[in-house]
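A.B. asks: Below is coords.txt; it holds compact mmCIF, C-alpha atoms and all ligand atoms.
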# COMPACT_ATOMS: atom_id res chain seq x y z
CA MET J 400 290.97 198.66 144.84
CA PRO J 401 291.25 197.82 141.08
CA ALA J 402 292.47 194.25 140.61
CA ALA J 403 295.35 195.36 138.35
CA LEU J 404 296.67 197.66 141.08
CA THR J 405 296.48 194.92 143.68
CA ALA J 406 298.43 192.57 141.44
CA ALA J 407 301.04 195.20 140.62
CA THR J 408 301.62 196.16 144.25
CA ALA J 409 301.65 192.54 145.39
CA LYS J 410 304.51 191.86 142.98
CA ARG J 411 306.72 194.51 144.47
CA ASP J 412 309.07 193.54 147.24
CA TYR J 413 309.44 196.96 148.81
CA PHE J 414 311.72 195.94 151.68
CA LYS J 415 314.05 194.21 149.25
CA GLU J 416 314.05 197.19 146.89
CA LEU J 417 315.03 199.39 149.80
CA GLY J 418 317.60 197.00 151.21
CA VAL J 419 315.80 196.78 154.55
CA ARG J 420 315.78 193.22 155.87
CA PRO J 421 312.67 191.76 157.51
CA PHE J 422 313.20 189.34 160.41
CA LEU J 423 311.40 186.68 162.41
CA ASN J 424 310.19 188.30 165.60
CA ALA J 425 311.12 186.26 168.68
CA ALA J 426 311.56 189.57 170.53
CA GLY J 427 308.08 190.82 171.36
CA THR J 428 306.11 194.01 170.77
CA TYR J 429 308.90 196.57 170.58
CA THR J 430 308.16 199.83 168.77
CA MET J 431 311.74 199.84 167.46
CA LEU J 432 311.08 196.44 165.89
CA THR J 433 307.68 197.53 164.49
CA ALA J 434 305.89 195.81 167.38
CA SER J 435 303.17 193.54 166.00
CA LEU J 436 301.54 192.49 162.75
CA MET J 437 298.05 193.86 162.32
CA HIS J 438 295.27 191.29 162.67
CA PRO J 439 293.85 190.37 159.21
CA ASP J 440 290.48 191.91 160.19
CA CYS J 441 292.35 195.10 161.05
CA VAL J 442 294.11 195.12 157.68
CA ALA J 443 290.79 194.58 155.88
CA ALA J 444 289.14 197.43 157.79
CA TYR J 445 292.18 199.67 157.21
CA GLU J 446 292.05 199.04 153.49
CA TYR J 447 288.26 199.50 153.41
CA ALA J 448 288.65 202.86 155.12
CA SER J 449 291.26 203.98 152.60
CA ARG J 450 288.81 204.04 149.71
CA GLN J 451 286.15 206.55 150.80
CA PHE J 452 285.85 209.87 152.56
CA VAL J 453 283.85 210.42 155.73
CA ARG J 454 283.52 213.30 158.17
CA LEU J 455 286.24 212.46 160.69
CA ASN J 456 284.36 213.50 163.83
CA ASP J 457 281.32 211.45 162.82
CA LEU J 458 283.54 208.39 162.57
CA HIS J 459 285.31 209.23 165.86
CA ASP J 460 281.90 209.41 167.59
CA ALA J 461 280.66 206.14 166.10
CA VAL J 462 283.86 204.15 166.67
CA GLY J 463 284.18 205.54 170.20
CA LYS J 464 280.66 204.40 171.00
CA LYS J 465 281.24 200.95 169.55
CA LEU J 466 284.53 200.53 171.44
CA ALA J 467 282.92 201.64 174.71
CA SER J 468 280.29 198.96 174.32
CA LEU J 469 282.79 196.23 173.32
CA LEU J 470 285.01 197.11 176.27
CA HIS J 471 282.29 197.70 178.90
CA VAL J 472 283.44 201.24 179.65
CA ASP J 473 281.68 204.59 179.76
CA ALA J 474 283.44 206.13 176.79
CA ALA J 475 286.40 205.51 174.50
CA MET J 476 288.49 207.11 171.81
CA VAL J 477 291.17 205.96 169.41
CA THR J 478 294.44 207.82 169.97
CA SER J 479 297.86 207.86 168.35
CA GLY J 480 299.19 205.09 170.58
CA ALA J 481 299.20 204.90 174.35
CA ALA J 482 301.74 207.73 174.41
CA GLY J 483 299.28 209.91 172.47
CA ALA J 484 296.55 208.92 174.92
CA LEU J 485 298.75 210.08 177.82
CA VAL J 486 299.05 213.51 176.20
CA VAL J 487 295.40 214.12 175.34
CA GLY J 488 294.14 212.47 178.54
CA THR J 489 296.31 214.79 180.60
CA ALA J 490 295.19 217.77 178.50
CA ALA J 491 291.58 216.78 179.26
CA CYS J 492 292.30 216.90 183.01
CA VAL J 493 294.22 220.18 182.77
CA ALA J 494 292.17 222.24 180.28
CA GLY J 495 288.87 220.38 180.07
CA LYS J 496 286.84 221.84 177.22
CA ASN J 497 287.78 225.47 177.92
CA PRO J 498 288.77 226.80 174.46
CA GLU J 499 291.19 229.40 175.82
CA TRP J 500 292.92 226.87 178.06
CA ILE J 501 293.08 224.32 175.25
CA ARG J 502 294.96 226.91 173.17
CA ARG J 503 297.33 227.80 176.01
CA ILE J 504 298.66 224.32 176.78
CA PRO J 505 301.57 223.79 177.51
CA ASP J 506 302.02 227.36 178.84
CA ILE J 507 299.73 226.82 181.78
CA ALA J 508 301.36 229.01 184.44
CA GLY J 509 299.19 231.89 185.65
CA THR J 510 296.14 230.83 183.65
CA GLY J 511 294.05 229.26 186.40
CA MET J 512 294.65 225.79 185.02
CA LYS J 513 295.58 223.12 187.54
CA SER J 514 299.23 222.30 187.01
CA GLU J 515 300.20 219.42 189.31
CA VAL J 516 300.10 215.70 188.56
CA ILE J 517 300.67 213.29 191.43
CA ILE J 518 302.78 210.21 190.75
CA GLN J 519 304.51 207.63 192.93
CA LYS J 520 308.26 208.06 192.83
CA SER J 521 308.64 204.42 191.76
CA HIS J 522 306.21 204.98 188.88
CA ARG J 523 308.31 207.61 187.12
CA TYR J 524 309.22 206.25 183.66
CA GLY J 525 310.17 207.33 180.17
CA TYR J 526 306.60 207.61 178.96
CA ASP J 527 305.78 210.25 181.57
CA HIS J 528 307.31 212.72 179.11
CA ALA J 529 303.94 212.50 177.31
CA VAL J 530 302.24 213.85 180.44
CA ARG J 531 304.89 216.55 180.93
CA ASN J 532 304.16 217.70 177.36
CA CYS J 533 301.09 219.42 178.79
CA GLY J 534 303.20 221.77 180.92
CA ILE J 535 302.40 220.11 184.25
CA LYS J 536 304.75 219.49 187.16
CA PHE J 537 304.94 216.06 188.75
CA VAL J 538 304.53 215.86 192.52
CA GLU J 539 306.25 212.66 193.65
CA VAL J 540 304.92 210.69 196.60
CA GLU J 541 305.78 207.36 198.20
CA THR J 542 303.23 206.62 200.93
CA ALA J 543 299.43 206.86 201.02
CA GLY J 544 299.75 209.59 203.65
CA GLU J 545 302.02 211.62 201.38
CA MET J 546 299.59 211.18 198.52
CA GLU J 547 296.66 212.40 200.66
CA ARG J 548 298.65 215.47 201.68
CA ALA J 549 299.73 216.14 198.08
CA CYS J 550 296.13 216.44 196.86
CA ASN J 551 295.20 220.12 196.70
CA ALA J 552 293.23 222.64 194.66
CA ASN J 553 296.01 222.73 192.06
CA THR J 554 296.03 218.95 191.44
CA ALA J 555 294.97 218.20 187.88
CA MET J 556 295.41 214.43 187.84
CA ALA J 557 297.17 211.43 189.38
CA LEU J 558 299.11 209.08 187.11
CA PHE J 559 299.55 205.35 187.76
CA PHE J 560 302.02 203.11 185.88
CA ASN J 561 300.22 199.78 185.89
CA ALA J 562 303.23 197.52 185.30
CA ASN J 563 304.77 198.90 188.52
CA ASN J 564 301.75 198.06 190.68
CA ASN J 565 303.88 195.74 192.78
CA VAL J 566 306.76 198.21 193.01
CA GLY J 567 305.00 201.22 194.51
CA GLN J 568 303.65 201.27 198.08
CA ILE J 569 300.22 202.45 196.90
CA LYS J 570 298.48 199.71 194.90
CA ASP J 571 295.89 200.35 192.20
CA GLN J 572 292.77 200.00 194.39
CA GLN J 573 294.04 202.28 197.13
CA PHE J 574 295.30 204.78 194.55
CA VAL J 575 291.78 205.04 193.11
CA GLU J 576 290.25 205.41 196.59
CA ILE J 577 292.54 208.29 197.51
CA CYS J 578 291.81 210.01 194.18
CA LYS J 579 288.06 209.63 194.66
CA LYS J 580 288.20 210.96 198.21
CA HIS J 581 289.93 214.13 196.98
CA GLY J 582 288.10 214.50 193.66
CA VAL J 583 291.31 214.02 191.65
CA PRO J 584 291.02 212.33 188.23
CA SER J 585 293.08 209.12 188.10
CA PHE J 586 294.83 207.85 184.97
CA ASN J 587 296.22 204.31 184.64
CA ASP J 588 298.78 203.57 181.91
CA ALA J 589 298.20 199.87 181.20
CA ALA J 590 299.68 200.06 177.70
CA ALA J 591 301.13 196.54 177.52
CA ASP J 592 298.68 194.86 179.89
CA ALA J 593 295.85 193.71 177.63
CA LEU J 594 296.11 190.06 178.77
CA PRO J 595 293.95 188.50 180.08
CA VAL J 596 291.25 190.12 177.96
CA GLU J 597 289.26 191.20 181.06
CA ASN J 598 292.11 193.62 181.80
CA LEU J 599 290.66 195.85 179.09
CA TRP J 600 287.88 196.88 181.49
CA LYS J 601 289.37 195.82 184.85
CA TRP J 602 290.80 199.19 185.87
CA SER J 603 287.89 201.26 184.60
CA LYS J 604 285.61 199.07 186.73
CA MET J 605 288.01 199.58 189.64
CA GLY J 606 287.34 203.29 189.34
CA PHE J 607 290.18 204.79 187.30
CA ASP J 608 288.81 207.79 185.41
CA LEU J 609 291.11 207.18 182.44
CA VAL J 610 292.94 204.06 181.24
CA THR J 611 295.12 203.64 178.17
CA PHE J 612 296.22 200.61 176.15
CA SER J 613 298.62 200.51 173.26
CA GLY J 614 296.73 199.52 170.11
CA GLY J 615 299.69 198.15 168.21
CA LYS J 616 301.13 195.73 170.77
CA GLY J 617 299.25 192.55 171.76
CA LEU J 618 295.97 194.01 170.50
CA ARG J 619 297.33 193.92 166.94
CA GLY J 620 295.66 197.09 165.79
CA PRO J 621 297.54 199.68 163.74
CA GLN J 622 300.93 200.26 165.37
CA SER J 623 300.26 204.01 165.38
CA ALA J 624 296.97 203.61 167.29
CA GLY J 625 295.94 203.27 170.92
CA LEU J 626 292.92 203.40 173.20
CA LEU J 627 291.88 206.00 175.75
CA LEU J 628 289.04 204.66 177.88
CA GLY J 629 287.11 206.24 180.71
CA ARG J 630 284.69 208.83 182.01
CA ALA J 631 282.53 210.32 179.26
CA ASP J 632 283.22 213.95 180.20
CA LEU J 633 286.98 213.37 180.17
CA ILE J 634 286.92 211.52 176.85
CA GLU J 635 284.91 214.40 175.41
CA ALA J 636 287.50 216.83 176.73
CA ALA J 637 290.33 214.69 175.34
CA ARG J 638 288.64 214.85 171.94
CA ALA J 639 288.46 218.64 172.25
CA ASN J 640 292.21 218.69 172.87
CA SER J 641 292.89 216.50 169.81
CA SER J 642 293.08 216.50 166.06
CA PRO J 643 291.26 217.44 163.86
CA ASN J 644 291.01 220.54 166.04
CA GLY J 645 293.88 222.87 165.21
CA ASP J 646 295.69 224.84 167.90
CA THR J 647 295.59 221.92 170.34
CA ILE J 648 298.39 219.93 171.98
CA GLY J 649 296.91 216.85 170.29
CA ARG J 650 296.93 218.18 166.72
CA GLY J 651 300.24 216.47 165.97
CA LEU J 652 298.91 213.17 167.30
CA LYS J 653 296.32 212.61 164.64
CA VAL J 654 294.59 209.41 163.68
CA ASN J 655 292.59 209.09 160.50
CA LYS J 656 289.75 206.84 159.41
CA GLU J 657 292.17 203.98 158.75
CA GLU J 658 293.43 203.86 162.35
CA LEU J 659 289.90 204.29 163.65
CA LEU J 660 288.36 201.40 161.73
CA GLY J 661 291.51 199.28 162.00
CA MET J 662 291.56 199.68 165.79
CA MET J 663 287.87 198.86 166.04
CA ALA J 664 288.21 195.71 163.92
CA ALA J 665 291.26 194.60 165.94
CA ILE J 666 289.30 194.95 169.19
CA GLU J 667 286.31 193.09 167.77
CA ALA J 668 288.65 190.23 166.87
CA TYR J 669 290.49 190.41 170.20
CA VAL J 670 287.45 190.17 172.46
CA LYS J 671 286.05 187.15 170.67
CA MET J 672 289.22 185.15 169.97
CA ASP J 673 290.15 181.98 171.88
CA HIS J 674 292.90 183.33 174.12
CA ALA J 675 293.44 179.99 175.91
CA ALA J 676 294.14 178.26 172.59
CA GLU J 677 296.51 181.01 171.59
CA PHE J 678 298.41 180.71 174.88
CA LYS J 679 298.75 176.94 174.32
CA GLU J 680 300.22 177.65 170.89
CA TRP J 681 302.82 179.99 172.44
CA GLU J 682 303.72 177.28 174.97
CA LYS J 683 304.05 174.78 172.15
CA ARG J 684 306.49 177.06 170.31
CA CYS J 685 308.47 177.60 173.50
CA LYS J 686 308.70 173.83 174.08
CA LEU J 687 309.92 173.38 170.52
CA VAL J 688 312.90 175.64 171.15
CA GLN J 689 313.57 174.03 174.54
CA ASP J 690 313.58 170.55 173.00
CA SER J 691 315.90 171.61 170.22
CA VAL J 692 318.59 172.97 172.57
CA SER J 693 318.18 170.53 175.45
CA SER J 694 321.29 168.52 174.50
CA ILE J 695 323.60 171.58 174.40
CA PRO J 696 326.23 171.11 177.16
CA SER J 697 325.55 173.12 180.35
CA ILE J 698 322.37 174.67 178.98
CA GLN J 699 320.01 176.12 181.60
CA MET J 700 316.45 176.93 180.63
CA THR J 701 313.76 178.75 182.53
CA VAL J 702 310.34 179.85 181.32
CA ASP J 703 308.52 182.72 182.94
CA VAL J 704 305.21 184.40 182.29
CA PRO J 705 305.20 187.94 183.69
CA GLU J 706 302.18 188.52 185.92
CA ILE J 707 301.70 191.92 184.36
CA ALA J 708 302.91 193.42 181.07
CA ASN J 709 303.36 191.05 178.11
CA ARG J 710 301.75 188.04 179.80
CA THR J 711 303.25 185.47 177.47
CA PRO J 712 305.90 182.74 177.95
CA HIS J 713 309.47 184.06 177.90
CA LEU J 714 312.27 181.52 177.50
CA HIS J 715 315.59 182.33 179.21
CA LEU J 716 318.70 180.42 178.09
CA LYS J 717 322.05 180.40 179.87
CA TRP J 718 325.16 178.34 179.35
CA ASP J 719 328.69 177.95 180.64
CA THR J 720 330.90 179.81 178.15
CA SER J 721 333.80 177.48 178.89
CA LYS J 722 331.67 174.65 177.44
CA VAL J 723 329.74 176.63 174.82
CA LYS J 724 332.28 179.14 173.55
CA ILE J 725 330.07 182.00 172.51
CA THR J 726 328.63 184.99 174.36
CA VAL J 727 324.97 185.97 174.39
CA ARG J 728 325.84 189.11 172.44
CA GLU J 729 327.55 187.02 169.74
CA VAL J 730 324.52 184.72 169.49
CA ILE J 731 322.26 187.74 169.08
CA GLU J 732 324.52 189.08 166.30
CA LYS J 733 324.53 185.72 164.51
CA LEU J 734 320.74 185.47 164.71
CA ARG J 735 320.41 189.01 163.41
CA SER J 736 322.77 188.57 160.48
CA GLY J 737 321.61 185.06 159.51
CA ASP J 738 319.13 184.09 156.85
CA PRO J 739 316.37 184.50 157.78
CA ALA J 740 317.23 187.18 160.31
CA ILE J 741 315.88 186.64 163.82
CA GLU J 742 315.46 189.19 166.61
CA VAL J 743 315.25 188.14 170.24
CA THR J 744 314.15 189.99 173.38
CA PRO J 745 316.58 192.67 174.60
CA SER J 746 317.89 191.43 177.96
CA ARG J 747 320.80 191.18 180.36
CA PRO J 748 324.16 190.24 178.79
CA ASP J 749 324.25 186.82 180.50
CA GLU J 750 321.04 185.32 179.12
CA LEU J 751 319.34 184.81 175.79
CA VAL J 752 315.63 185.64 176.04
CA MET J 753 312.93 184.85 173.51
CA ASN J 754 309.20 184.95 173.34
CA PHE J 755 306.91 183.52 170.78
CA TRP J 756 303.68 185.47 170.46
CA MET J 757 304.78 187.58 167.49
CA LEU J 758 306.06 184.63 165.46
CA GLN J 759 304.01 183.47 162.49
CA PRO J 760 303.01 179.82 162.00
CA GLY J 761 306.04 177.69 161.14
CA GLU J 762 308.59 180.27 162.29
CA ALA J 763 309.23 178.78 165.74
CA GLN J 764 310.73 175.75 163.98
CA VAL J 765 313.15 178.02 162.14
CA VAL J 766 314.10 179.86 165.32
CA ALA J 767 314.61 176.56 167.18
CA LYS J 768 316.89 175.24 164.43
CA ARG J 769 319.00 178.40 164.19
CA VAL J 770 319.52 178.73 167.94
CA ARG J 771 320.54 175.07 168.14
CA GLU J 772 322.94 175.38 165.16
CA ILE J 773 324.67 178.39 166.68
CA LEU J 774 325.02 176.90 170.15
CA LYS J 775 326.03 173.51 168.82
CA ALA J 776 328.75 174.97 166.58
CA ALA J 777 330.16 176.78 169.60
CA SER J 778 330.16 173.68 171.79
CA ALA J 779 332.09 171.45 169.38
C1 LIG K 1 304.45 200.84 174.92
C2 LIG K 1 304.06 201.67 176.08
C3 LIG K 1 303.61 202.99 175.91
C4 LIG K 1 303.56 203.63 174.54
O1 LIG K 1 302.61 203.00 173.75
P1 LIG K 1 302.47 203.42 172.20
O2 LIG K 1 301.19 202.75 171.81
O3 LIG K 1 303.66 202.89 171.50
O4 LIG K 1 302.38 204.90 172.16
C5 LIG K 1 303.25 203.72 177.01
N1 LIG K 1 303.31 203.18 178.24
C6 LIG K 1 303.74 201.92 178.46
C7 LIG K 1 303.76 201.38 179.85
C8 LIG K 1 304.12 201.11 177.38
O5 LIG K 1 304.52 199.87 177.60
Using structure tokens, write down the structure that the file contains.
C.D. replies:
Amino acid sequence: MPAALTAATAKRDYFKELGVRPFLNAAGTYTMLTASLMHPDCVAAYEYASRQFVRLNDLHDAVGKKLASLLHVDAAMVTSGAAGALVVGTAACVAGKNPEWIRRIPDIAGTGMKSEVIIQKSHRYGYDHAVRNCGIKFVEVETAGEMERACNANTAMALFFNANNNVGQIKDQQFVEICKKHGVPSFNDAAADALPVENLWKWSKMGFDLVTFSGGKGLRGPQSAGLLLGRADLIEAARANSSPNGDTIGRGLKVNKEELLGMMAAIEAYVKMDHAAEFKEWEKRCKLVQDSVSSIPSIQMTVDVPEIANRTPHLHLKWDTSKVKITVREVIEKLRSGDPAIEVTPSRPDELVMNFWMLQPGEAQVVAKRVREILKAASA
């Protein structure tokens, strides 16, 4: 990029010009809150990619190969987020590489395409809309026996929602075994489960035919990118059902060279970074906030680290509103409208929840001070 252009763009404060306020992110990786900040290596790769043309499929092939090797899986592709991966992964299981079938999705009735996707009742969730985009019907099961009986010649795939592993009766390992026994492709949505780092290949090694991760959450790739990992034939079919191919269900889910290189650079950084040191830093930030509010009357603090999904310290604060005369909702509003603005984790109305992994260096101190000021003013 010409130096003059860099200087000119750096001088502009676009958010200010537009009247859109940035905030300190003590919330987490929420799409609505723009999720994560791209890793600097990702930004550099993204910018590099923006300056030259390449043949898109050549880059898709090369990046896919590189990602597969970094992540110890058979094959990989960059998708438009985990939700995009759910669409094109399902299309791969339904239409394969059959050009006529690829064109027909989502009108799959009467075509010979398999149209059923097995899912545990307790694994139904908002993101399963992405799978339904392909025209399939979900067949809900609860027990292993029901799942065995549900497998038939019309079964295209079985979908597993990783974060609900402990909720459903059929756990990941058994789910894979049943799928293998009946020759049904299995797909695990582990979008927010990229910690610890070994999780990136854990479920492929377990035997899931497809696994997806969100690229723009903890992985800090482009927010509009994701990963689809798995069996080489299915990844090839998913590519066939994707952009740049027109007349496919995936055409509207395109990624360009910037997302491809950005995602690759983010993964390179992610697999070699010191995750233990980073976790310690999150704990340090959490402790900072705890220390700063510890003298607030009636304050109750708990810290939890979810076993699955966003495995990072979450701080929960509660207080007696007869001693600290402010509601959680009012605190959230004050944090949001303050300067700088701060967003916290959406939660139940009776507790203030924060986490610290999306804060930038020095910001935890600001969050700690603001939370203390607000609670202290209300307890006077
Ligand atoms: C965030 C999320 C998705 C969607 O991921 P995107 O990368 O935003 O498309 C899908 N499934 C689960 C379980 C998620 O947490």
A.B. asks: Residues around (288.7, 216.4, 193.9), cut-off 12 Å, counting all atoms listed in the file - what are they as a PyMOL selection string?
C.D. replies: chain J and resi 492+513+547+549-557+575-585
A.B. asks: What would the file look like if the residues just selected were written as a short mmCIF file (atom, residue, chain, number, x, y, z; two decimals), keeping the file's coordinate frame with C-alpha atoms?
C.D. replies:
data_model
loop_
_atom_site.label_atom_id
_atom_site.label_comp_id
_atom_site.auth_asym_id
_atom_site.auth_seq_id
_atom_site.Cartn_x
_atom_site.Cartn_y
_atom_site.Cartn_z
CA CYS J 492 292.30 216.90 183.01
CA LYS J 513 295.58 223.12 187.54
CA GLU J 547 296.66 212.40 200.66
CA ALA J 549 299.73 216.14 198.08
CA CYS J 550 296.13 216.44 196.86
CA ASN J 551 295.20 220.12 196.70
CA ALA J 552 293.23 222.64 194.66
CA ASN J 553 296.01 222.73 192.06
CA THR J 554 296.03 218.95 191.44
CA ALA J 555 294.97 218.20 187.88
CA MET J 556 295.41 214.43 187.84
CA ALA J 557 297.17 211.43 189.38
CA VAL J 575 291.78 205.04 193.11
CA GLU J 576 290.25 205.41 196.59
CA ILE J 577 292.54 208.29 197.51
CA CYS J 578 291.81 210.01 194.18
CA LYS J 579 288.06 209.63 194.66
CA LYS J 580 288.20 210.96 198.21
CA HIS J 581 289.93 214.13 196.98
CA GLY J 582 288.10 214.50 193.66
CA VAL J 583 291.31 214.02 191.65
CA PRO J 584 291.02 212.33 188.23
CA SER J 585 293.08 209.12 188.10
#
A.B. asks: For ligand LIG 1 (chain K), collect every residue having any atom at a distance of at most 8 Å from a ligand atom (counting only C-alpha atoms and all ligand atoms); output as number ranges by chain.
C.D. replies: J: 429-430, 479-485, 526, 560-562, 588-591, 612-616, 622-625, 708
A.B. asks: How would the residues just chosen look if you wrote them out with C-alpha atoms as a CSV table (one decimal), in the frame of the given file?
C.D. replies:
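Result saved to selection_3.csv:
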chain,number,residue,atom,x,y,z
J,429,TYR,CA,308.9,196.6,170.6
J,430,THR,CA,308.2,199.8,168.8
J,479,SER,CA,297.9,207.9,168.4
J,480,GLY,CA,299.2,205.1,170.6
J,481,ALA,CA,299.2,204.9,174.4
J,482,ALA,CA,301.7,207.7,174.4
J,483,GLY,CA,299.3,209.9,172.5
J,484,ALA,CA,296.6,208.9,174.9
J,485,LEU,CA,298.8,210.1,177.8
J,526,TYR,CA,306.6,207.6,179.0
J,560,PHE,CA,302.0,203.1,185.9
J,561,ASN,CA,300.2,199.8,185.9
J,562,ALA,CA,303.2,197.5,185.3
J,588,ASP,CA,298.8,203.6,181.9
J,589,ALA,CA,298.2,199.9,181.2
J,590,ALA,CA,299.7,200.1,177.7
J,591,ALA,CA,301.1,196.5,177.5
J,612,PHE,CA,296.2,200.6,176.2
J,613,SER,CA,298.6,200.5,173.3
J,614,GLY,CA,296.7,199.5,170.1
J,615,GLY,CA,299.7,198.2,168.2
J,616,LYS,CA,301.1,195.7,170.8
J,622,GLN,CA,300.9,200.3,165.4
J,623,SER,CA,300.3,204.0,165.4
J,624,ALA,CA,297.0,203.6,167.3
J,625,GLY,CA,295.9,203.3,170.9
J,708,ALA,CA,302.9,193.4,181.1
A.B. asks: Could you tell me which of J:Gly645, J:Pro748, J:Pro421, J:Pro760 comes closest to Pro498 (chain J) if we count only C-alpha atoms?
C.D. replies: J:Gly645
A.B. asks: Please list as a list in words every residue within 8 Å of Ala636 (chain J), counting only C-alpha atoms and excluding residues in the same chain fewer than 3 positions away.
C.D. replies: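 So the residues in contact are Ala490, Ala491, Cys492, Ala494, Gly495, Lys496, Asp632, Leu633, Ala639 and Asn640 of chain J.
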A.B. asks: Here is a test: counting all atoms listed in the file, which residue of J:Pro621, J:Gly525, J:Pro705, J:Gly629 is nearest to Phe607 (chain J)?
C.D. replies: J:Gly629
A.B. asks: For a test of reading the model, state the distance in Å between CA of Ala637 (chain J) and CA of Asp608 (chain J), rounded to one decimal.
C.D. replies: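 So the answer is 12.3 Å.
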A.B. asks: Between J:Gln573, J:Asn587, J:Thr489, J:Asn563, which is the closest to Lys536 (chain J) once you count only C-alpha atoms?
C.D. replies: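 Ranked by minimum distance to Lys536 (chain J), first place goes to J:Thr489.
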A.B. asks: With a distance cut-off of 8 Å and only C-alpha atoms, select the neighbouring residues of Pro505 (chain J), excluding the residue or stretch itself and same-chain residues fewer than 4 positions from it, and output the selection as number ranges by chain.
C.D. replies: J: 532-535, 648
A.B. asks: For region 666-678 of chain J, please output as a PyMOL selection string all residues within 8 Å (counting all atoms listed in the file; exclusion window: fewer than 2 positions along the same chain).
C.D. replies: chain J and resi 438+440+466+469+595-596+618+620+662-664+680-682+711
A.B. asks: At a cut-off of 6 Å, using all atoms listed in the file, what residues contact region 725-734 of chain J? Leave out same-chain residues fewer than 4 positions from it and give the result as number ranges by chain.
C.D. replies: J: 740-741, 751, 777
A.B. asks: Of the residues J:Arg638, J:Lys775, J:Lys601, J:Arg619, which is the one nearest to Gly661 (chain J), using only C-alpha atoms?
C.D. replies: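 The closest residue to Gly661 (chain J) is J:Arg619.
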A.B. asks: My structure is short of atoms at region 609-622 of chain J; please model N, CA and C atoms there, returning them as a compact mmCIF listing (two decimals), keeping the file's coordinate frame.
C.D. replies:
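Output file out06.txt follows:
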# COMPACT_ATOMS: atom_id res chain seq x y z
N LEU J 609 290.56 207.37 183.78
CA LEU J 609 291.11 207.18 182.44
C LEU J 609 292.05 205.96 182.47
N VAL J 610 292.03 205.20 181.39
CA VAL J 610 292.94 204.06 181.24
C VAL J 610 293.39 204.05 179.78
N THR J 611 294.67 203.76 179.56
CA THR J 611 295.12 203.64 178.17
C THR J 611 295.75 202.27 177.91
N PHE J 612 295.55 201.81 176.67
CA PHE J 612 296.22 200.61 176.15
C PHE J 612 296.85 200.97 174.81
N SER J 613 297.99 200.35 174.56
CA SER J 613 298.62 200.51 173.26
C SER J 613 297.83 199.68 172.24
N GLY J 614 297.52 200.25 171.09
CA GLY J 614 296.73 199.52 170.11
C GLY J 614 297.56 198.59 169.25
N GLY J 615 298.84 198.88 169.15
CA GLY J 615 299.69 198.15 168.21
C GLY J 615 300.60 197.14 168.87
N LYS J 616 300.35 196.80 170.15
CA LYS J 616 301.13 195.73 170.77
C LYS J 616 300.29 194.46 170.68
N GLY J 617 299.99 193.82 171.80
CA GLY J 617 299.25 192.55 171.76
C GLY J 617 297.87 192.65 171.13
N LEU J 618 297.31 193.86 171.09
CA LEU J 618 295.97 194.01 170.50
C LEU J 618 295.98 193.89 168.98
N ARG J 619 297.14 194.07 168.39
CA ARG J 619 297.33 193.92 166.94
C ARG J 619 296.45 194.82 166.10
N GLY J 620 296.24 196.03 166.61
CA GLY J 620 295.66 197.09 165.79
C GLY J 620 296.78 197.78 165.05
N PRO J 621 296.47 198.92 164.39
CA PRO J 621 297.54 199.68 163.74
C PRO J 621 298.59 200.08 164.78
N GLN J 622 299.85 199.98 164.43
CA GLN J 622 300.93 200.26 165.37
C GLN J 622 300.90 201.73 165.83
